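**Q** Just input22.cif, nothing more (mmCIF, C-alpha atoms):
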```cif
data_run
loop_
_atom_site.group_PDB
_atom_site.id
_atom_site.type_symbol
_atom_site.label_atom_id
_atom_site.label_comp_id
_atom_site.auth_asym_id
_atom_site.auth_seq_id
_atom_site.Cartn_x
_atom_site.Cartn_y
_atom_site.Cartn_z
ATOM 1 C CA MET A 1 -28.635 32.461 -9.251
ATOM 2 C CA ARG A 2 -25.428 30.616 -8.315
ATOM 3 C CA GLU A 3 -22.108 31.758 -9.647
ATOM 4 C CA ILE A 4 -19.880 29.052 -11.114
ATOM 5 C CA ASN A 5 -16.294 29.054 -9.972
ATOM 6 C CA HIS A 6 -13.968 28.173 -12.847
ATOM 7 C CA ARG A 7 -10.663 26.847 -11.585
ATOM 8 C CA THR A 8 -7.527 26.319 -13.540
ATOM 9 C CA PRO A 9 -6.316 22.726 -13.809
ATOM 10 C CA LYS A 10 -4.013 21.511 -11.053
ATOM 11 C CA GLN A 11 -1.169 19.114 -11.523
ATOM 12 C CA ILE A 12 -0.007 16.387 -9.143
ATOM 13 C CA THR A 13 3.323 14.694 -9.562
ATOM 14 C CA LYS A 14 4.893 12.012 -7.389
ATOM 15 C CA LYS A 15 8.383 10.557 -7.096
ATOM 16 C CA SER A 16 7.520 7.863 -9.625
ATOM 17 C CA GLY A 17 7.195 10.470 -12.372
ATOM 18 C CA LEU A 18 3.452 9.991 -12.817
ATOM 19 C CA GLY A 19 1.502 13.145 -13.530
ATOM 20 C CA LEU A 20 -2.224 13.805 -13.794
ATOM 21 C CA VAL A 21 -4.161 16.960 -14.485
ATOM 22 C CA HIS A 22 -7.735 17.543 -13.371
ATOM 23 C CA SER A 23 -9.754 20.639 -12.609
ATOM 24 C CA GLN A 24 -12.206 19.387 -9.966
ATOM 25 C CA GLY A 25 -10.899 19.353 -6.400
ATOM 26 C CA GLU A 26 -12.844 16.292 -5.206
ATOM 27 C CA LYS A 27 -11.871 14.139 -8.171
ATOM 28 C CA LEU A 28 -8.294 15.337 -7.761
ATOM 29 C CA GLN A 29 -8.191 13.905 -4.225
ATOM 30 C CA VAL A 30 -9.471 10.541 -5.481
ATOM 31 C CA VAL A 31 -6.833 10.486 -8.211
ATOM 32 C CA GLU A 32 -4.126 11.428 -5.702
ATOM 33 C CA LYS A 33 -5.167 8.587 -3.359
ATOM 34 C CA GLU A 34 -5.062 6.126 -6.252
ATOM 35 C CA LEU A 35 -1.571 7.353 -7.163
ATOM 36 C CA GLN A 36 -0.462 6.936 -3.551
ATOM 37 C CA LYS A 37 -1.898 3.410 -3.507
ATOM 38 C CA GLN A 38 0.047 2.441 -6.638
ATOM 39 C CA ILE A 39 3.276 3.951 -5.310
ATOM 40 C CA VAL A 40 2.944 2.167 -1.959
ATOM 41 C CA LEU A 41 2.143 -1.194 -3.549
ATOM 42 C CA ARG A 42 5.112 -0.835 -5.889
ATOM 43 C CA ALA A 43 7.345 -0.223 -2.857
ATOM 44 C CA PHE A 44 6.298 -3.586 -1.342
ATOM 45 C CA THR A 45 6.937 -5.667 -4.500
ATOM 46 C CA ASN A 46 10.616 -6.631 -4.311
ATOM 47 C CA GLU A 47 11.282 -7.457 -0.680
ATOM 48 C CA PRO A 48 9.494 -7.341 2.676
ATOM 49 C CA LYS A 49 9.515 -3.888 4.263
ATOM 50 C CA THR A 50 8.020 -2.233 7.305
ATOM 51 C CA MET A 51 5.499 0.549 6.908
ATOM 52 C CA LYS A 52 8.094 2.995 8.255
ATOM 53 C CA MET A 53 10.577 1.901 5.585
ATOM 54 C CA VAL A 54 7.976 2.504 2.848
ATOM 55 C CA GLU A 55 7.112 5.889 4.368
ATOM 56 C CA ALA A 56 10.795 6.904 4.228
ATOM 57 C CA GLU A 57 11.169 5.583 0.672
ATOM 58 C CA THR A 58 8.024 7.116 -0.830
ATOM 59 C CA GLY A 59 7.408 10.188 1.325
ATOM 60 C CA ILE A 60 3.788 9.063 1.863
ATOM 61 C CA GLN A 61 2.712 9.021 5.521
ATOM 62 C CA ARG A 62 1.892 5.651 7.090
ATOM 63 C CA THR A 63 -1.524 6.916 8.165
ATOM 64 C CA ASN A 64 -2.435 7.285 4.482
ATOM 65 C CA PHE A 65 -1.884 3.607 3.656
ATOM 66 C CA THR A 66 -2.557 1.734 6.925
ATOM 67 C CA SER A 67 -6.172 0.887 6.046
ATOM 68 C CA LEU A 68 -5.121 -0.094 2.524
ATOM 69 C CA LEU A 69 -2.666 -2.650 3.927
ATOM 70 C CA GLY A 70 -5.257 -3.962 6.374
ATOM 71 C CA ASN A 71 -7.800 -4.568 3.626
ATOM 72 C CA MET A 72 -5.248 -6.151 1.308
ATOM 73 C CA PHE A 73 -3.977 -8.411 4.098
ATOM 74 C CA LYS A 74 -7.539 -9.667 4.719
ATOM 75 C CA GLN A 75 -7.967 -10.333 0.972
ATOM 76 C CA GLY A 76 -4.648 -12.185 0.767
ATOM 77 C CA ALA A 77 -3.123 -9.701 -1.698
ATOM 78 C CA ILE A 78 -0.257 -8.728 0.619
ATOM 79 C CA TYR A 79 1.693 -10.967 2.967
ATOM 80 C CA LYS A 80 3.338 -10.536 6.348
ATOM 81 C CA PRO A 81 6.100 -13.157 6.196
ATOM 82 C CA TYR A 82 7.805 -12.287 9.485
ATOM 83 C CA PHE A 83 8.257 -9.920 12.397
ATOM 84 C CA ALA A 84 11.698 -8.453 13.053
ATOM 85 C CA LYS A 85 13.562 -5.372 14.211
ATOM 86 C CA CYS A 86 12.858 -2.316 12.059
ATOM 87 C CA LYS A 87 15.975 -1.016 10.299
ATOM 88 C CA ILE A 88 14.858 2.604 10.760
ATOM 89 C CA THR A 89 13.301 2.775 14.227
ATOM 90 C CA SER A 90 15.192 -0.197 15.777
ATOM 91 C CA ARG A 91 11.896 -1.325 17.288
ATOM 92 C CA ASN A 92 11.553 -5.091 17.818
ATOM 93 C CA GLY A 93 8.604 -7.194 16.625
ATOM 94 C CA VAL A 94 7.616 -5.017 13.681
ATOM 95 C CA GLY A 95 5.668 -6.612 10.822
ATOM 96 C CA TYR A 96 7.326 -6.788 7.425
ATOM 97 C CA TYR A 97 4.936 -6.722 4.441
ATOM 98 C CA THR A 98 5.339 -7.668 0.790
ATOM 99 C CA THR A 99 3.244 -8.400 -2.299
ATOM 100 C CA ASN A 100 5.895 -10.824 -3.582
ATOM 101 C CA GLU A 101 4.485 -14.369 -3.487
ATOM 102 C CA LYS A 102 7.987 -15.758 -3.017
ATOM 103 C CA PHE A 103 7.711 -14.683 0.643
ATOM 104 C CA LYS A 104 4.208 -16.099 1.186
ATOM 105 C CA THR A 105 4.193 -18.512 4.113
ATOM 106 C CA LYS A 106 2.871 -21.948 3.278
ATOM 107 C CA SER A 107 0.202 -23.330 5.571
ATOM 108 C CA ASN A 108 0.416 -26.981 6.566
ATOM 109 C CA GLN A 109 -3.135 -26.977 7.900
ATOM 110 C CA LEU A 110 -5.430 -29.512 6.247
ATOM 111 C CA ASN A 111 -8.489 -28.278 4.408
ATOM 112 C CA LEU A 112 -11.758 -29.829 5.578
ATOM 113 C CA PHE A 113 -13.221 -30.027 2.071
ATOM 114 C CA THR A 114 -10.337 -31.568 0.100
ATOM 115 C CA ASP A 115 -9.558 -35.210 -0.596
ATOM 116 C CA ALA A 116 -6.313 -34.944 1.403
ATOM 117 C CA ALA A 117 -8.297 -34.579 4.646
ATOM 118 C CA ALA A 118 -10.358 -37.744 4.023
#
```
Let me see the structure of the file written as structure tokens.

**A**
Amino acid sequence: MREINHRTPKQITKKSGLGLVHSQGEKLQVVEKELQKQIVLRAFTNEPKTMKMVEAETGIQRTNFTSLLGNMFKQGAIYKPYFAKCKITSRNGVGYYTTNEKFKTKSNQLNLFTDAAA
């Protein structure tokens, strides 16, 4: 017969002041990743920032949100309006990301299936 391990609830809090309590370790990791996702996306809302700038602002490592940004970029939910020198690392040609549509670059390419192309 298997013995059941009863754990006490754990609490996770982030800089944003959000707090969640859950007693199962695996579900806790999922909740923590979702919290990290929300915090990172909130950091990109106002102005374009590099991933290093968001890492310094939120305390969440870049490796934890790199794939998230890649997927969102493919879906068109986050934009990369320009490349410039990073304010933290001073490295040239770094991509700046934002979720703010004000910075979305407008394409002048014609669409094959619209009346404007005919």

**Q** Can you list, as a ChimeraX atom specification, the residues that the PyMOL selection byres ((chain A and resi 99) around 9) selects here?

**A** /A:41-42,44-48,77-80,97-98,100-104

**Q** Quick one: pull the distance between CA of Lys52 in chain A and CA of Phe73 in chain A, Å, one decimal.

**A**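 So the two atoms, CA of Lys52 in chain A and CA of Phe73 in chain A, lie 17.1 Å apart.
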
**Q** Mind pulling up the distance from CA of Gln38 in chain A to CA of Ala84 in chain A?

**A**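 These two atoms are separated by 25.3 Å.
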
**Q** May I ask for the distance between CA of Phe113 in chain A and CA of Asn71 in chain A, given in Å to one decimal place?

**A** 26.1 Å

**Q** When you look at Tyr96 in chain A with a cut-off of 7 Å (counting only C-alpha atoms), what residues show up, excluding the ones that are within fewer than 4 positions of it in the same chain? I need them as a VMD selection string.

**A** chain A and resid 48 to 50 80 to 83

**Q** Which residue, A:Met53, A:Thr66, A:Gly59, A:Gly93, has the smallest gap to Ile39 in chain A when you use only C-alpha atoms?

**A**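 When distances to Ile39 in chain A are compared using only C-alpha atoms, the smallest one comes from A:Gly59.
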
**Q** Quick one: of A:Ser90, A:Thr105, A:Gln75, A:Gln36, who's nearest to Thr63 in chain A, counting all atoms listed in the file?

**A**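 Among the listed residues, the smallest separation from Thr63 in chain A belongs to A:Gln36.
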
**Q** From the list A:Val54, A:Gly95, A:Lys37, A:Glu32, which residue is nearest Leu68 in chain A when using all atoms listed in the file?

**A**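 Among A:Val54, A:Gly95, A:Lys37, A:Glu32, it is A:Lys37 that comes nearest to Leu68 in chain A.
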
**Q** With distances taken over all atoms listed in the file, which of A:Ile88, A:Ala56, A:Met51, A:Phe65 is nearest to Leu35 in chain A?

**A**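 Closest residue, counting all atoms listed in the file: A:Phe65.
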